[in-house]
$ cat model27.txt   # compact mmCIF, C-alpha atoms
# COMPACT_ATOMS: atom_id res chain seq x y z
CA MET A 287 -27.66 20.71 -20.46
CA SER A 288 -25.61 18.66 -18.01
CA SER A 289 -27.27 15.88 -16.05
CA SER A 290 -24.69 15.67 -13.31
CA PRO A 291 -26.39 15.49 -9.91
CA THR A 292 -25.81 17.82 -7.05
CA SER A 293 -24.67 16.30 -3.79
CA ALA A 294 -27.18 14.03 -2.06
CA PRO A 295 -26.80 11.36 0.59
CA ALA A 296 -26.70 7.78 -0.65
CA GLY A 297 -30.03 6.02 -0.13
CA SER A 298 -31.79 9.32 0.52
CA ARG A 299 -35.53 9.17 1.13
CA SER A 300 -36.02 12.88 0.52
CA PRO A 301 -39.14 13.51 -1.59
CA TRP A 302 -37.08 15.99 -3.60
CA ARG A 303 -34.18 13.64 -4.37
CA SER A 304 -35.05 13.39 -8.08
CA LEU A 305 -34.52 17.16 -8.37
CA ARG A 306 -30.80 16.81 -7.65
CA HIS A 307 -30.54 15.86 -11.34
CA ARG A 308 -30.38 19.01 -13.46
CA SER A 309 -32.39 17.61 -16.36
CA MET A 310 -35.17 16.59 -13.98
CA ARG A 311 -35.29 20.15 -12.63
CA TRP A 312 -35.68 21.52 -16.16
CA TRP A 313 -38.29 18.89 -16.97
CA SER A 314 -40.29 19.84 -13.86
CA VAL A 315 -40.23 23.52 -14.83
CA ALA A 316 -41.35 22.64 -18.36
CA ASN A 317 -44.17 20.47 -17.02
CA PHE A 318 -45.35 23.23 -14.71
CA VAL A 319 -45.53 25.69 -17.62
CA SER A 320 -47.32 23.12 -19.79
CA ASN A 321 -49.80 22.13 -17.06
CA ALA A 322 -50.61 25.75 -16.30
CA GLY A 323 -51.26 26.40 -20.00
CA THR A 324 -53.37 23.26 -20.38
CA TRP A 325 -55.57 24.03 -17.38
CA MET A 326 -55.93 27.61 -18.52
CA GLN A 327 -57.20 26.35 -21.87
CA LEU A 328 -59.51 23.74 -20.33
CA THR A 329 -61.06 26.35 -18.04
CA VAL A 330 -61.56 28.76 -20.93
CA GLN A 331 -62.83 25.99 -23.21
CA ASN A 332 -65.67 25.15 -20.85
CA LEU A 333 -66.65 28.81 -20.75
CA LEU A 334 -66.36 29.01 -24.54
CA VAL A 335 -68.68 26.03 -25.07
CA LEU A 336 -71.21 27.58 -22.72
CA GLN A 337 -70.91 30.84 -24.65
CA ILE A 338 -71.44 29.13 -28.02
CA THR A 339 -74.23 26.74 -27.01
CA GLY A 340 -75.57 27.88 -23.65
CA SER A 341 -75.70 24.20 -22.71
CA ALA A 342 -73.98 22.53 -19.75
CA ALA A 343 -74.56 19.17 -21.45
CA ALA A 344 -72.54 20.36 -24.45
CA THR A 345 -69.69 21.26 -22.10
CA GLY A 346 -69.65 17.72 -20.74
CA LEU A 347 -69.83 16.36 -24.28
CA SER A 348 -66.75 18.32 -25.35
CA MET A 349 -64.80 16.85 -22.43
CA SER A 350 -65.98 13.34 -23.29
CA VAL A 351 -65.04 13.78 -26.95
CA GLN A 352 -61.51 14.71 -25.93
CA ALA A 353 -61.24 11.74 -23.53
CA ALA A 354 -62.90 9.15 -25.78
CA PRO A 355 -59.94 8.44 -28.13
CA ALA A 356 -58.01 7.03 -25.15
CA LEU A 357 -60.54 4.20 -24.92
CA LEU A 358 -59.47 2.59 -28.21
CA MET A 359 -56.26 4.33 -29.23
CA SER A 360 -54.18 4.29 -26.02
CA VAL A 361 -52.80 0.85 -26.84
CA LEU A 362 -51.64 2.12 -30.23
CA GLY A 363 -50.17 5.25 -28.67
CA GLY A 364 -48.27 3.15 -26.14
CA ALA A 365 -46.90 0.95 -28.92
CA ALA A 366 -45.69 4.06 -30.76
CA VAL A 367 -43.93 5.26 -27.60
CA ASP A 368 -42.04 1.95 -27.37
CA ARG A 369 -41.25 1.93 -31.07
CA TRP A 370 -39.91 5.49 -31.49
CA PRO A 371 -37.21 7.35 -29.53
CA ARG A 372 -38.85 8.81 -26.43
CA LYS A 373 -37.48 12.35 -26.70
CA LEU A 374 -38.41 12.61 -30.36
CA THR A 375 -41.90 11.26 -29.71
CA ALA A 376 -42.54 13.67 -26.83
CA ALA A 377 -41.17 16.64 -28.78
CA VAL A 378 -43.31 15.89 -31.85
CA SER A 379 -46.48 15.32 -29.81
CA GLN A 380 -45.94 18.56 -27.88
CA ALA A 381 -45.40 20.44 -31.16
CA LEU A 382 -48.63 18.98 -32.57
CA LEU A 383 -50.54 20.05 -29.47
CA ALA A 384 -49.10 23.55 -29.94
CA VAL A 385 -50.36 23.61 -33.54
CA ILE A 386 -53.86 22.61 -32.37
CA ALA A 387 -53.84 25.31 -29.67
CA PHE A 388 -52.68 27.99 -32.12
CA THR A 389 -55.30 26.89 -34.66
CA THR A 390 -58.05 27.14 -32.06
CA ALA A 391 -56.77 30.54 -30.90
CA THR A 392 -56.79 31.88 -34.46
CA LEU A 393 -60.34 30.66 -35.08
CA VAL A 394 -61.52 32.22 -31.81
CA ALA A 395 -59.79 35.52 -32.62
CA LEU A 396 -61.45 35.59 -36.04
CA ASP A 397 -64.81 34.55 -34.56
CA ARG A 398 -64.87 31.53 -36.88
CA LEU A 399 -65.06 28.76 -34.27
CA ASP A 400 -68.31 26.81 -34.19
CA MET A 401 -69.25 23.80 -32.07
CA THR A 402 -68.50 21.23 -34.76
CA THR A 403 -64.99 22.56 -35.34
CA LEU A 404 -64.37 22.71 -31.59
CA MET A 405 -65.41 19.06 -31.22
CA VAL A 406 -63.12 18.02 -34.07
CA LEU A 407 -60.19 19.88 -32.50
CA ALA A 408 -60.98 18.31 -29.12
CA ALA A 409 -61.00 14.83 -30.69
CA VAL A 410 -57.67 15.45 -32.44
CA THR A 411 -56.21 16.69 -29.16
CA GLY A 412 -57.38 13.47 -27.49
CA MET A 413 -55.74 11.37 -30.22
CA VAL A 414 -52.41 13.16 -29.89
CA ALA A 415 -52.64 12.81 -26.11
CA THR A 416 -52.72 9.00 -26.43
CA VAL A 417 -49.09 9.26 -27.54
CA ASP A 418 -48.07 12.35 -25.59
CA ASN A 419 -49.19 11.17 -22.14
CA PRO A 420 -47.13 7.94 -21.95
CA ALA A 421 -44.20 9.54 -23.80
CA CYS A 422 -43.92 12.42 -21.33
CA ALA A 423 -44.53 10.21 -18.29
CA LEU A 424 -41.77 7.77 -19.26
CA LEU A 425 -39.41 10.52 -20.41
CA GLY A 426 -39.41 11.95 -16.89
CA ASN A 427 -38.58 8.52 -15.46
CA ASP A 428 -35.81 8.06 -18.02
CA LEU A 429 -33.98 11.04 -16.52
CA VAL A 430 -33.39 9.59 -13.02
CA PRO A 431 -32.05 6.35 -11.51
CA ALA A 432 -34.63 3.65 -10.76
CA GLU A 433 -34.60 4.35 -7.01
CA ASP A 434 -35.56 7.98 -7.69
CA VAL A 435 -38.55 7.18 -9.91
CA PRO A 436 -41.10 7.41 -7.02
CA SER A 437 -39.65 10.84 -6.23
CA ALA A 438 -39.96 11.87 -9.88
CA ILE A 439 -43.60 10.73 -9.92
CA GLY A 440 -44.34 12.53 -6.64
CA VAL A 441 -42.72 15.73 -7.92
CA GLY A 442 -44.77 15.32 -11.09
CA ALA A 443 -47.96 15.13 -9.00
CA LEU A 444 -46.97 18.33 -7.19
CA VAL A 445 -46.21 20.05 -10.48
CA PHE A 446 -49.56 18.89 -11.88
CA ASN A 447 -51.52 20.29 -8.92
CA ALA A 448 -49.54 23.54 -8.89
CA GLY A 449 -50.05 23.95 -12.63
CA ARG A 450 -53.75 23.24 -12.26
CA LEU A 451 -54.16 25.93 -9.60
CA ALA A 452 -52.06 28.44 -11.54
CA GLY A 453 -53.83 27.72 -14.83
CA ALA A 454 -57.31 28.10 -13.36
CA ALA A 455 -56.31 31.38 -11.72
CA LEU A 456 -54.61 32.74 -14.85
CA ALA A 457 -57.59 31.82 -17.04
CA GLY A 458 -59.84 34.45 -15.48
CA VAL A 459 -57.15 37.13 -15.58
CA THR A 460 -56.18 36.35 -19.17
CA VAL A 461 -59.74 36.32 -20.48
CA GLY A 462 -60.60 39.47 -18.54
CA PHE A 463 -57.69 41.52 -19.90
CA LEU A 464 -56.73 39.89 -23.21
CA GLY A 465 -59.71 37.84 -24.36
CA THR A 466 -60.44 34.13 -24.84
CA ALA A 467 -58.05 33.65 -27.76
CA ALA A 468 -55.12 34.71 -25.58
CA ALA A 469 -55.57 31.67 -23.33
CA TYR A 470 -55.23 29.34 -26.34
CA PHE A 471 -52.21 31.24 -27.61
CA ALA A 472 -50.61 31.00 -24.15
CA ASN A 473 -51.19 27.24 -24.09
CA GLY A 474 -49.63 26.91 -27.54
CA PHE A 475 -46.49 28.73 -26.35
CA SER A 476 -46.37 26.50 -23.25
CA PHE A 477 -46.20 23.44 -25.52
CA LEU A 478 -43.46 25.08 -27.58
CA PHE A 479 -41.48 25.71 -24.39
CA VAL A 480 -41.58 22.00 -23.55
CA THR A 481 -40.61 21.14 -27.12
CA ALA A 482 -37.60 23.46 -26.84
CA VAL A 483 -36.45 21.96 -23.52
CA ILE A 484 -36.66 18.26 -24.54
CA PRO A 485 -33.56 18.12 -26.82
CA PHE A 486 -31.35 19.31 -23.95
CA LEU A 487 -32.46 16.68 -21.42
CA ARG A 488 -29.81 14.11 -20.46
CA PRO A 489 -30.39 10.93 -18.40
CA ALA A 490 -28.58 10.69 -15.07
CA ALA A 491 -26.13 7.90 -14.33
CA GLY A 492 -28.05 4.73 -13.50
CA ALA A 493 -31.21 5.72 -15.36
CA VAL A 494 -32.97 2.99 -17.32
CA ARG A 495 -32.27 3.36 -21.02
CA GLN A 496 -34.99 2.98 -23.60
CA VAL A 497 -34.47 0.11 -26.01
CA VAL A 498 -35.78 0.97 -29.47
CA GLU A 499 -36.18 -1.95 -31.88
CA ARG A 500 -34.33 -1.35 -35.12
CA GLY A 501 -33.53 -3.23 -38.25
CA ARG A 502 -36.95 -4.67 -39.04
CA PRO A 503 -40.26 -3.21 -40.20
CA ALA A 504 -42.77 -2.18 -37.58
CA ARG A 505 -45.73 -4.49 -37.05
CA PRO A 506 -48.21 -2.49 -34.99
CA GLY A 507 -50.64 -5.39 -34.54
CA ARG A 508 -48.05 -7.67 -33.04
CA SER A 509 -46.61 -4.85 -30.98
CA VAL A 510 -50.00 -4.08 -29.42
CA ARG A 511 -50.65 -7.78 -28.74
CA GLU A 512 -47.34 -8.06 -26.92
CA GLY A 513 -48.37 -5.28 -24.55
CA LEU A 514 -51.83 -6.77 -23.97
CA ALA A 515 -50.37 -10.24 -23.40
CA PHE A 516 -47.80 -8.98 -20.91
CA PHE A 517 -50.43 -7.07 -18.97
CA ALA A 518 -52.86 -10.02 -18.93
CA ARG A 519 -50.18 -12.46 -17.71
CA ARG A 520 -48.73 -10.23 -15.02
CA PRO A 521 -50.55 -10.87 -11.70
CA ARG A 522 -49.13 -7.71 -10.10
CA LEU A 523 -50.57 -5.50 -12.84
CA LEU A 524 -53.93 -7.30 -12.81
CA ALA A 525 -54.11 -6.86 -9.03
CA LEU A 526 -53.19 -3.18 -9.39
CA ALA A 527 -55.90 -2.77 -12.03
CA GLY A 528 -58.44 -4.43 -9.76
CA VAL A 529 -57.60 -2.26 -6.74
CA THR A 530 -57.51 0.94 -8.78
CA GLY A 531 -60.68 0.12 -10.70
CA ILE A 532 -62.87 -0.67 -7.72
CA SER A 533 -61.55 2.39 -5.90
CA ALA A 534 -62.24 4.59 -8.92
CA VAL A 535 -65.83 3.37 -9.27
CA PHE A 536 -66.94 3.27 -5.61
CA GLY A 537 -64.70 5.94 -4.11
CA ARG A 538 -62.47 8.86 -4.98
CA ASN A 539 -65.16 10.76 -6.91
CA TYR A 540 -65.34 13.12 -3.95
CA GLY A 541 -66.21 16.06 -6.16
CA LEU A 542 -69.54 14.30 -6.66
CA THR A 543 -70.26 12.45 -3.40
CA LEU A 544 -68.99 15.09 -0.97
CA ALA A 545 -70.68 17.89 -2.92
CA VAL A 546 -74.05 16.17 -2.46
CA LEU A 547 -73.29 15.31 1.18
CA VAL A 548 -72.23 18.86 2.09
CA THR A 549 -75.08 20.63 0.32
CA GLY A 550 -77.65 18.01 1.36
CA PRO A 551 -77.58 16.22 4.74
CA LEU A 552 -74.95 18.59 6.21
CA ALA A 553 -76.92 21.66 5.05
CA GLY A 554 -73.85 23.51 3.76
CA GLY A 555 -73.61 25.77 0.74
CA ALA A 556 -71.20 26.35 -2.12
CA GLY A 557 -68.78 28.05 0.26
CA ALA A 558 -68.73 25.01 2.55
CA PHE A 559 -67.98 22.69 -0.36
CA GLY A 560 -65.28 25.11 -1.49
CA THR A 561 -63.65 24.66 1.92
CA VAL A 562 -63.87 20.87 1.56
CA SER A 563 -62.33 21.09 -1.92
CA THR A 564 -59.47 23.22 -0.58
CA VAL A 565 -58.74 20.66 2.14
CA LEU A 566 -58.83 17.88 -0.47
CA ALA A 567 -56.31 19.77 -2.60
CA ALA A 568 -54.04 20.38 0.40
CA GLY A 569 -54.20 16.69 1.32
CA GLY A 570 -53.31 15.75 -2.24
CA ILE A 571 -50.19 17.91 -2.09
CA VAL A 572 -49.14 16.45 1.29
CA GLY A 573 -49.74 12.94 -0.05
CA ALA A 574 -47.66 13.62 -3.14
CA VAL A 575 -44.75 14.70 -0.92
CA LEU A 576 -45.08 11.58 1.25
CA GLY A 577 -45.43 9.35 -1.82
CA ALA A 578 -42.24 10.81 -3.25
CA ARG A 579 -40.37 9.43 -0.22
CA LEU A 580 -41.13 5.85 -1.27
CA ARG A 581 -38.26 3.83 -2.69
CA ARG A 582 -39.82 0.48 -3.60
CA PRO A 583 -43.61 0.79 -3.77
CA SER A 584 -45.64 -2.41 -4.07
CA VAL A 585 -49.16 -3.48 -5.02
CA ARG A 586 -49.65 -4.63 -1.43
CA LEU A 587 -48.97 -1.07 -0.24
CA VAL A 588 -51.40 0.33 -2.83
CA GLY A 589 -54.07 -2.12 -1.63
CA ALA A 590 -53.50 -1.33 2.04
CA LEU A 591 -53.73 2.41 1.38
CA ALA A 592 -56.86 1.98 -0.75
CA ALA A 593 -58.53 -0.09 1.98
CA THR A 594 -57.56 2.52 4.59
CA GLY A 595 -59.03 5.27 2.41
CA ALA A 596 -62.21 3.22 2.01
CA LEU A 597 -62.63 2.90 5.78
CA LEU A 598 -62.11 6.65 6.16
CA GLN A 599 -64.77 7.11 3.48
CA VAL A 600 -67.20 5.00 5.51
CA VAL A 601 -66.59 7.16 8.60
CA ALA A 602 -66.96 10.31 6.46
CA GLY A 603 -70.36 9.05 5.37
CA LEU A 604 -71.39 8.99 9.03
CA SER A 605 -70.14 12.54 9.72
CA PRO A 606 -72.65 14.41 11.93
CA SER A 607 -71.31 17.84 11.01
CA LEU A 608 -69.16 19.71 8.52
CA ALA A 609 -66.40 20.12 11.12
CA VAL A 610 -66.09 16.35 11.55
CA LEU A 611 -66.08 15.87 7.79
CA LEU A 612 -63.23 18.37 7.37
CA VAL A 613 -61.18 16.44 9.93
CA LEU A 614 -61.65 13.26 7.88
CA VAL A 615 -61.21 14.76 4.43
CA LEU A 616 -57.53 15.60 4.92
CA PRO A 617 -56.33 12.03 5.69
CA MET A 618 -58.62 10.71 2.95
CA ALA A 619 -56.87 12.93 0.39
CA VAL A 620 -53.40 12.12 1.77
CA VAL A 621 -53.99 8.36 1.60
CA GLU A 622 -55.43 8.61 -1.91
CA SER A 623 -52.47 10.66 -3.15
CA VAL A 624 -49.82 8.34 -1.65
CA SER A 625 -51.68 5.35 -3.10
CA ASP A 626 -51.75 6.98 -6.54
CA THR A 627 -48.02 7.72 -6.43
CA ALA A 628 -47.21 4.16 -5.32
CA GLY A 629 -49.46 2.65 -7.99
CA THR A 630 -48.01 4.82 -10.74
CA SER A 631 -44.49 3.82 -9.66
CA VAL A 632 -45.36 0.13 -9.88
CA LEU A 633 -47.05 0.61 -13.24
CA GLN A 634 -44.12 2.49 -14.77
CA THR A 635 -41.30 0.34 -13.36
CA ASP A 636 -42.66 -3.23 -13.24
CA PRO A 637 -42.67 -3.92 -17.02
CA PRO A 638 -39.35 -4.31 -18.85
CA ALA A 639 -38.13 -1.06 -20.42
CA HIS A 640 -39.06 -2.06 -23.98
CA LEU A 641 -42.71 -2.72 -23.01
CA ARG A 642 -43.47 0.20 -20.71
CA GLY A 643 -45.14 2.37 -23.32
CA ARG A 644 -47.48 -0.44 -24.34
CA VAL A 645 -48.36 -1.25 -20.73
CA LEU A 646 -49.16 2.43 -20.12
CA GLY A 647 -51.27 2.33 -23.27
CA VAL A 648 -53.28 -0.61 -21.97
CA TRP A 649 -53.66 1.19 -18.65
CA GLY A 650 -54.88 4.31 -20.45
CA SER A 651 -57.65 2.35 -22.16
CA VAL A 652 -58.70 0.63 -18.94
CA GLY A 653 -58.57 3.89 -16.99
CA THR A 654 -60.82 5.57 -19.54
CA VAL A 655 -63.46 2.91 -18.88
CA TRP A 656 -63.31 3.74 -15.17
CA SER A 657 -63.42 7.49 -15.72
CA LEU A 658 -66.40 7.25 -18.08
CA GLY A 659 -68.31 4.58 -16.16
CA GLY A 660 -67.53 5.49 -12.55
CA PRO A 661 -69.49 8.74 -12.15
CA PRO A 662 -72.76 7.37 -13.64
CA ALA A 663 -72.51 4.23 -11.47
CA LEU A 664 -71.86 6.32 -8.38
CA GLY A 665 -74.67 8.67 -9.30
CA LEU A 666 -77.05 5.71 -9.53
CA LEU A 667 -75.86 4.46 -6.15
CA MET A 668 -76.56 7.90 -4.64
CA GLU A 669 -80.03 7.88 -6.17
CA LEU A 670 -80.72 4.54 -4.49
CA ALA A 671 -78.94 5.01 -1.15
CA GLY A 672 -78.40 8.75 -0.78
CA PRO A 673 -75.00 10.44 -0.36
CA ARG A 674 -74.31 8.89 3.06
CA GLY A 675 -75.35 5.46 1.87
CA ALA A 676 -73.21 5.80 -1.27
CA LEU A 677 -70.10 6.72 0.73
CA ILE A 678 -70.66 3.94 3.28
CA THR A 679 -71.64 1.26 0.76
CA GLY A 680 -68.83 2.19 -1.62
CA GLY A 681 -66.25 2.18 1.18
CA VAL A 682 -67.40 -1.23 2.43
CA ILE A 683 -67.30 -2.69 -1.10
CA ILE A 684 -63.76 -1.42 -1.63
CA ALA A 685 -62.44 -2.60 1.75
CA VAL A 686 -64.10 -6.03 1.55
CA SER A 687 -63.00 -6.61 -2.05
CA ILE A 688 -59.36 -5.71 -1.34
CA THR A 689 -59.29 -7.81 1.84
CA ALA A 690 -60.83 -10.78 0.04
CA GLY A 691 -58.33 -10.42 -2.80
CA HIS A 692 -55.44 -10.32 -0.33
CA PHE A 693 -56.52 -13.53 1.45
CA LEU A 694 -57.23 -15.26 -1.87
CA HIS A 695 -53.72 -14.38 -3.05
CA ARG A 696 -52.22 -15.70 0.19
CA HIS A 697 -54.23 -18.92 -0.11
CA ARG A 698 -53.08 -19.50 -3.68
CA THR A 699 -49.47 -18.74 -2.79
CA LEU A 700 -49.59 -21.17 0.16
CA ALA A 701 -51.25 -23.86 -1.96
CA THR A 702 -48.58 -23.47 -4.63
CA SER A 703 -45.81 -23.71 -2.04
CA ILE A 704 -47.31 -26.89 -0.54
CA THR A 705 -47.68 -28.45 -4.00
CA LEU A 706 -44.07 -27.71 -4.89
CA SER A 707 -42.87 -29.03 -1.52
CA SER A 708 -44.86 -32.24 -2.00
CA LYS A 709 -43.32 -32.79 -5.41
CA ASP A 710 -39.84 -32.31 -3.99
CA ALA A 711 -40.59 -34.81 -1.20
CA VAL A 712 -41.66 -37.67 -3.52
CA PRO A 713 -38.98 -40.37 -3.23
CA GLN A 714 -37.19 -41.12 -6.49
CA PRO A 715 -36.62 -44.73 -7.53
CA ALA A 716 -33.09 -45.96 -6.84
CA LEU A 717 -30.82 -46.65 -9.76
CA GLN A 718 -30.36 -50.38 -10.40
CA THR A 719 -27.65 -52.23 -12.20
CA ALA A 720 -28.54 -54.01 -15.42
CA ALA A 721 -29.44 -57.67 -15.12

$ encode --input "model27.txt" --output "structure tokens"
Amino acid sequence: MSSSPTSAPAGSRSPWRSLRHRSMRWWSVANFVSNAGTWMQLTVQNLLVLQITGSAAATGLSMSVQAAPALLMSVLGGAAVDRWPRKLTAAVSQALLAVIAFTTATLVALDRLDMTTLMVLAAVTGMVATVDNPACALLGNDLVPAEDVPSAIGVGALVFNAGRLAGAALAGVTVGFLGTAAAYFANGFSFLFVTAVIPFLRPAAGAVRQVVERGRPARPGRSVREGLAFFARRPRLLALAGVTGISAVFGRNYGLTLAVLVTGPLAGGAGAFGTVSTVLAAGGIVGAVLGARLRRPSVRLVGALAATGALLQVVAGLSPSLAVLLVLVLPMAVVESVSDTAGTSVLQTDPPAHLRGRVLGVWGSVGTVWSLGGPPALGLLMELAGPRGALITGGVIIAVSITAGHFLHRHRTLATSITLSSKDAVPQPALQTAA
């Protein structure tokens, strides 16, 4: 599979510029197929758990069991991604996910799947994902020049959303005509398709090459510590973690806050929230396209976008009607999506090439804390302040925190500059001749 690009203007800001590379086009198709299969399985799995147990709590538990391994094992998965050749790692992890999907499908077809087995399979899937997620994310970036990485990430966001919509739609059709096991079989074949495409991918000219350490035995403990140390000593990454974390906890969980706002104070029903969700999805797609136009995203841009989204969230909390809320929801989703694309670009390009897997591993562990802790914290805030109060309070906390962090950074930078200037201005003693 040739990686030679089609014609494109130098310095292009087109959101689709990464797709001029043939391997990136194939990788995007493979990701769409895989995402559609994954979302088909996730949709069916929730229905399957409800069918087995009749408990909504058990459904949430199965999702948590699959996400939990990322909390402790993401750093190890990231180290493995840095240690092993990227294409081989991604191909093996995709093949393992296919085996798990086929195993689940067979058990469902034979009516031998119980809740314990399903939980074990979900946990194993989560463990494999700690390697697969960073491997596939970085493999896509390895296919394009550095200036096209934001485009590759934006295209990936579009592919993710398109696959999610297609998978959810196909789940109902597949189960209705072919049964539950067919959805798992389809997901297994989607993983095999990705596995088959990976060996033919070729990096474009100017793409960053992975450096794989050879010639000495692997020392996982030291490897993980190197990733943690780099992350902890890198102010840009710590600032990005702070902005993303506070936004994840006090905002962005619009599926929770807006659902309560629409069905409560705004007196809407499920249909009204469905309209809000559709507008959120449309805004996410528009934001992904705009984010793909970025060439050199920065943490400052991520912070500015997050603060803007927080202020929009405050205004949304004051919405007197559903119509006003719908007007605000679209820019909220656009800003969030552009911010996500910019932040992901910084995260995946700031570390040196040989440490990127480990940094993504650290980020995976930290992000799992946010995803597990954010909804309960926001739920408690809604219990105390109501949906409007939660949106307003959360938006104010985000905006104030980011603004305070920005001025603190400026103050420290100015103080450092003054200190260095003062040292340079100290007169040096003149050289004297010996007595």

$ residues_around --input "model27.txt" --residues "His692 of chain A" --least-positions-apart "6" --cutoff "10 Å" --atoms "only C-alpha atoms" --output "JSON, numbers by chain"
{"A": [525, 586, 589, 590, 686]}

$ closest_residue --input "model27.txt" --among "A:Gly681, A:Pro551, A:Pro485, A:Gly323" --to "Pro606 of chain A" --atoms "all atoms listed in the file"
A:Pro551

$ residues_around --input "model27.txt" --residues "Gln599 of chain A" --least-positions-apart "6" --cutoff "9 Å" --atoms "all atoms listed in the file" --output "PyMOL selection string"
chain A and resi 537-538+614-615+618+677-678+680-682

$ atom_distance --input "model27.txt" --atom1 "atom CA of Val335 of chain A" --atom2 "atom CA of Pro355 of chain A"
19.9 Å

$ closest_residue --input "model27.txt" --among "A:Gly650, A:Gly660, A:Thr389, A:Pro431" --to "Phe471 of chain A" --atoms "all atoms listed in the file"
A:Thr389

$ atom_distance --input "model27.txt" --atom1 "atom CA of Ala391 of chain A" --atom2 "atom CA of Asn419 of chain A"
22.6 Å

$ closest_residue --input "model27.txt" --among "A:Gly474, A:Gly603, A:Gly665, A:Gly426" --to "Trp313 of chain A" --atoms "all atoms listed in the file"
A:Gly426

$ closest_residue --input "model27.txt" --among "A:Ala316, A:Leu591, A:Leu425, A:Val445" --to "Thr689 of chain A" --atoms "all atoms listed in the file"
A:Leu591

$ closest_residue --input "model27.txt" --among "A:Met401, A:Ala438, A:Leu608, A:Ala353" --to "Met413 of chain A" --atoms "all atoms listed in the file"
A:Ala353

$ closest_residue --input "model27.txt" --among "A:Leu399, A:Val367, A:Leu334, A:Met405" --to "Gln352 of chain A" --atoms "all atoms listed in the file"
A:Met405

$ atom_distance --input "model27.txt" --atom1 "atom CA of Arg398 of chain A" --atom2 "atom CA of Ala469 of chain A"
16.4 Å

$ residues_around --input "model27.txt" --residues "segment 373-383 of chain A" --least-positions-apart "6" --cutoff "12 Å" --atoms "all atoms listed in the file" --output "ChimeraX atom specification"
/A:313,316-317,320,323-324,327,363-367,389-390,407-429,470-471,473-489,495-496,498,643

$ write_last_selection --input "model27.txt" --atoms "C-alpha atoms" --output "short mmCIF file (atom, residue, chain, number, x, y, z; two decimals), keeping the file's coordinate frame"
data_model
loop_
_atom_site.label_atom_id
_atom_site.label_comp_id
_atom_site.auth_asym_id
_atom_site.auth_seq_id
_atom_site.Cartn_x
_atom_site.Cartn_y
_atom_site.Cartn_z
CA TRP A 313 -38.29 18.89 -16.97
CA ALA A 316 -41.35 22.64 -18.36
CA ASN A 317 -44.17 20.47 -17.02
CA SER A 320 -47.32 23.12 -19.79
CA GLY A 323 -51.26 26.40 -20.00
CA THR A 324 -53.37 23.26 -20.38
CA GLN A 327 -57.20 26.35 -21.87
CA GLY A 363 -50.17 5.25 -28.67
CA GLY A 364 -48.27 3.15 -26.14
CA ALA A 365 -46.90 0.95 -28.92
CA ALA A 366 -45.69 4.06 -30.76
CA VAL A 367 -43.93 5.26 -27.60
CA THR A 389 -55.30 26.89 -34.66
CA THR A 390 -58.05 27.14 -32.06
CA LEU A 407 -60.19 19.88 -32.50
CA ALA A 408 -60.98 18.31 -29.12
CA ALA A 409 -61.00 14.83 -30.69
CA VAL A 410 -57.67 15.45 -32.44
CA THR A 411 -56.21 16.69 -29.16
CA GLY A 412 -57.38 13.47 -27.49
CA MET A 413 -55.74 11.37 -30.22
CA VAL A 414 -52.41 13.16 -29.89
CA ALA A 415 -52.64 12.81 -26.11
CA THR A 416 -52.72 9.00 -26.43
CA VAL A 417 -49.09 9.26 -27.54
CA ASP A 418 -48.07 12.35 -25.59
CA ASN A 419 -49.19 11.17 -22.14
CA PRO A 420 -47.13 7.94 -21.95
CA ALA A 421 -44.20 9.54 -23.80
CA CYS A 422 -43.92 12.42 -21.33
CA ALA A 423 -44.53 10.21 -18.29
CA LEU A 424 -41.77 7.77 -19.26
CA LEU A 425 -39.41 10.52 -20.41
CA GLY A 426 -39.41 11.95 -16.89
CA ASN A 427 -38.58 8.52 -15.46
CA ASP A 428 -35.81 8.06 -18.02
CA LEU A 429 -33.98 11.04 -16.52
CA TYR A 470 -55.23 29.34 -26.34
CA PHE A 471 -52.21 31.24 -27.61
CA ASN A 473 -51.19 27.24 -24.09
CA GLY A 474 -49.63 26.91 -27.54
CA PHE A 475 -46.49 28.73 -26.35
CA SER A 476 -46.37 26.50 -23.25
CA PHE A 477 -46.20 23.44 -25.52
CA LEU A 478 -43.46 25.08 -27.58
CA PHE A 479 -41.48 25.71 -24.39
CA VAL A 480 -41.58 22.00 -23.55
CA THR A 481 -40.61 21.14 -27.12
CA ALA A 482 -37.60 23.46 -26.84
CA VAL A 483 -36.45 21.96 -23.52
CA ILE A 484 -36.66 18.26 -24.54
CA PRO A 485 -33.56 18.12 -26.82
CA PHE A 486 -31.35 19.31 -23.95
CA LEU A 487 -32.46 16.68 -21.42
CA ARG A 488 -29.81 14.11 -20.46
CA PRO A 489 -30.39 10.93 -18.40
CA ARG A 495 -32.27 3.36 -21.02
CA GLN A 496 -34.99 2.98 -23.60
CA VAL A 498 -35.78 0.97 -29.47
CA GLY A 643 -45.14 2.37 -23.32
#
